[in-house]
Amino acid sequence: MTDKPDKKKSFHAHPTAVVDEGALIGPGTKIWHFCHVMGGARIGKNCSIGQNAFIGGKAVLGDGIKIQNNVSIYDAVTLENHVFVGPSAVFTNVRTPRAHVDRKNAYAATLVRRGATIGANATIVCGIELGQYCFIGAGAVVTRSVPPHAVMTGVPARRSGWACACGALLPDRGKGGVCPECGKKWTFTHVPDRET
């Protein structure tokens, strides 16, 4: 994560993008059409922020992140390095919103760990953690924390398998094995409860 901005502009922002003063953006990052990055936002190096995205002033994005079109990353959302967020995925930051009640001091933090994938149109309810290299299926509604490497699908989302760091689905048997795509050995260090 880049803590200090470069003296010269080291990232690319499309002319239609709005990048407010005070945003910290790492070198090599590309911010595309009609995006808005609020002052105070922290975005790492070599990220891609797709068309019509919004990044809140207290959002933190690591290095190598890919945000697809129409995604809003609100305050209190943190994405670690190499997270992928599919088109129109949704994050929340308040559990009990009301238009007439100011709950800016009641944001519930959401942490998305390194290498996680969030599919198109998935909804991530605030106050949870998505484990590293987990895979959230398209359209899933995630209401509670997700273990590392878990594949989560459905509404509400439930574990339907395991994913390798390379993204391949892993056989759901035993305590480990070899990834059918990349050949890496893997073991389960987390035994999920039966409800996930």
# chains A, B, ... in the order shown; residues from 1 in each chain; ligands from 1
>>> residues_around(residues="Lys66 in chain A", least_positions_apart="2", cutoff="8 Å", atoms="only C-alpha atoms", output="list in words")
Cys47, Ser48, Ile49, Gly50, Gly64, Gln68, His82, Val83, Phe84 and Val85 of chain A
>>> residues_around(residues="Ile67 in chain A", least_positions_apart="5", cutoff="12 Å", atoms="only C-alpha atoms", output="ChimeraX atom specification")
/A:29-32,35,43,46-55,61-62,72-73,79,82-90,117-120
>>> atom_distance(atom1="CA of Pro97 in chain A", atom2="CA of Cys126 in chain A")
11.5 Å
>>> atom_distance(atom1="CA of Ser145 in chain A", atom2="CA of Thr78 in chain A")
14.1 Å
>>> atom_distance(atom1="CA of Ala150 in chain A", atom2="CA of Thr92 in chain A")
21.0 Å
>>> closest_atom_pairs(of="range 121-155 of chain A", to="range 106-115 of chain A", cutoff="7 Å", atoms="only C-alpha atoms", output="tab-separated table")
residue	atom	partner	partner_atom	distance
A:Cys126	CA	A:Thr110	CA	5.4
A:Gly127	CA	A:Ala108	CA	4.5
A:Ile128	CA	A:Thr110	CA	5.1
A:Glu129	CA	A:Leu111	CA	4.7
A:Leu130	CA	A:Val112	CA	4.8
A:Gly131	CA	A:Arg113	CA	5.2
A:Gln132	CA	A:Arg113	CA	4.5
A:Tyr133	CA	A:Gly115	CA	4.6
>>> residues_around(residues="Lys104 in chain A", least_positions_apart="4", cutoff="12 Å", atoms="only C-alpha atoms", output="list of chain:residue names")
A:Lys58, A:Tyr74, A:Asp75, A:Ala76, A:Asn93, A:Val94, A:Arg95, A:Thr96, A:Pro97, A:Arg98, A:Ala99, A:Ala108, A:Ala109
>>> write_last_selection(atoms="N, CA and C atoms", output="tab-separated table (two decimals), in the first residue's frame")
chain	number	residue	atom	x	y	z
A	58	LYS	N	-13.04	7.19	3.41
A	58	LYS	CA	-12.42	6.36	4.45
A	58	LYS	C	-12.31	4.91	4.00
A	74	TYR	N	-17.65	1.95	0.02
A	74	TYR	CA	-18.00	2.98	0.98
A	74	TYR	C	-17.01	3.06	2.13
A	75	ASP	N	-17.16	4.11	2.96
A	75	ASP	CA	-16.36	4.25	4.17
A	75	ASP	C	-16.48	2.98	5.01
A	76	ALA	N	-15.38	2.62	5.68
A	76	ALA	CA	-15.28	1.46	6.57
A	76	ALA	C	-15.12	0.15	5.81
A	93	ASN	N	-22.45	-0.26	4.68
A	93	ASN	CA	-21.63	0.10	5.83
A	93	ASN	C	-22.44	0.47	7.07
A	94	VAL	N	-23.76	0.36	6.98
A	94	VAL	CA	-24.63	0.58	8.14
A	94	VAL	C	-25.62	-0.58	8.20
A	95	ARG	N	-25.79	-1.16	9.38
A	95	ARG	CA	-26.70	-2.32	9.51
A	95	ARG	C	-28.17	-1.93	9.55
A	96	THR	N	-28.48	-0.76	10.10
A	96	THR	CA	-29.88	-0.36	10.25
A	96	THR	C	-30.07	1.07	9.71
A	97	PRO	N	-29.96	1.24	8.39
A	97	PRO	CA	-30.05	2.59	7.84
A	97	PRO	C	-31.47	3.15	7.87
A	98	ARG	N	-31.54	4.45	8.13
A	98	ARG	CA	-32.78	5.21	8.01
A	98	ARG	C	-32.40	6.55	7.40
A	99	ALA	N	-33.19	7.03	6.46
A	99	ALA	CA	-32.90	8.30	5.81
A	99	ALA	C	-32.89	9.46	6.81
A	108	ALA	N	-20.21	-0.11	10.31
A	108	ALA	CA	-19.69	-1.43	10.67
A	108	ALA	C	-18.63	-1.81	9.63
A	109	ALA	N	-17.41	-2.04	10.09
A	109	ALA	CA	-16.28	-2.29	9.19
A	109	ALA	C	-16.41	-3.62	8.46
>>> residues_around(residues="Val151 in chain A", least_positions_apart="3", cutoff="12 Å", atoms="only C-alpha atoms", output="VMD selection string")
chain A and resid 116 to 119 130 to 138 140 142 146 to 148 154 157 to 165 167 to 172 192 196
>>> select_by_dssp(residues="range 39-163 of chain A", states="strand (DSSP E)", output="PDB file with C-alpha atoms, in the first residue's frame")
ATOM      1  CA  ARG A  42      -6.345   5.281  -0.021  1.00  0.00           C
ATOM      2  CA  ILE A  43      -5.768   3.259  -3.176  1.00  0.00           C
ATOM      3  CA  SER A  48      -7.922  -0.753 -11.982  1.00  0.00           C
ATOM      4  CA  ILE A  49     -11.054   1.147 -10.970  1.00  0.00           C
ATOM      5  CA  PHE A  54     -17.250   5.345  -6.235  1.00  0.00           C
ATOM      6  CA  ILE A  55     -14.524   5.160  -3.580  1.00  0.00           C
ATOM      7  CA  VAL A  60      -8.797   1.549   1.895  1.00  0.00           C
ATOM      8  CA  LEU A  61      -7.747  -0.448  -1.177  1.00  0.00           C
ATOM      9  CA  LYS A  66      -9.535  -4.811  -9.849  1.00  0.00           C
ATOM     10  CA  ILE A  67     -12.858  -3.028  -9.359  1.00  0.00           C
ATOM     11  CA  SER A  72     -19.240   1.608  -4.717  1.00  0.00           C
ATOM     12  CA  ILE A  73     -16.635   1.063  -2.004  1.00  0.00           C
ATOM     13  CA  VAL A  77     -14.610  -1.003   3.717  1.00  0.00           C
ATOM     14  CA  THR A  78     -11.042  -2.313   3.405  1.00  0.00           C
ATOM     15  CA  LEU A  79      -9.832  -4.440   0.500  1.00  0.00           C
ATOM     16  CA  PHE A  84     -11.336  -8.703  -7.498  1.00  0.00           C
ATOM     17  CA  VAL A  85     -14.777  -7.056  -7.294  1.00  0.00           C
ATOM     18  CA  VAL A  90     -22.647  -3.980  -3.524  1.00  0.00           C
ATOM     19  CA  PHE A  91     -21.066  -3.162  -0.167  1.00  0.00           C
ATOM     20  CA  THR A 110     -15.940  -4.814   6.381  1.00  0.00           C
ATOM     21  CA  LEU A 111     -12.584  -6.462   5.675  1.00  0.00           C
ATOM     22  CA  VAL A 112     -11.922  -8.339   2.442  1.00  0.00           C
ATOM     23  CA  THR A 117     -13.053 -12.648  -5.511  1.00  0.00           C
ATOM     24  CA  ILE A 118     -16.518 -11.092  -5.317  1.00  0.00           C
ATOM     25  CA  THR A 123     -24.091  -8.073  -1.921  1.00  0.00           C
ATOM     26  CA  ILE A 124     -21.721  -7.895   1.048  1.00  0.00           C
ATOM     27  CA  GLU A 129     -14.668 -10.463   7.101  1.00  0.00           C
ATOM     28  CA  LEU A 130     -14.159 -12.301   3.835  1.00  0.00           C
ATOM     29  CA  PHE A 135     -14.810 -16.848  -3.903  1.00  0.00           C
ATOM     30  CA  ILE A 136     -18.204 -15.135  -3.637  1.00  0.00           C
ATOM     31  CA  VAL A 141     -25.865 -12.201  -0.503  1.00  0.00           C
ATOM     32  CA  VAL A 142     -23.184 -12.556   2.177  1.00  0.00           C
ATOM     33  CA  ALA A 150     -14.586 -20.862   0.778  1.00  0.00           C
ATOM     34  CA  VAL A 151     -16.869 -20.704  -2.268  1.00  0.00           C
ATOM     35  CA  MET A 152     -20.082 -18.944  -1.234  1.00  0.00           C
ATOM     36  CA  THR A 153     -23.259 -19.002  -3.339  1.00  0.00           C
ATOM     37  CA  ARG A 158     -23.752 -20.695   2.035  1.00  0.00           C
ATOM     38  CA  ARG A 159     -20.525 -22.551   1.432  1.00  0.00           C
ATOM     39  CA  SER A 160     -20.801 -24.685  -1.690  1.00  0.00           C
ATOM     40  CA  GLY A 161     -17.140 -25.625  -2.090  1.00  0.00           C
ATOM     41  CA  TRP A 162     -13.511 -24.573  -1.758  1.00  0.00           C
ATOM     42  CA  ALA A 163     -11.281 -22.574  -4.128  1.00  0.00           C
TER      43      ALA A 163
END
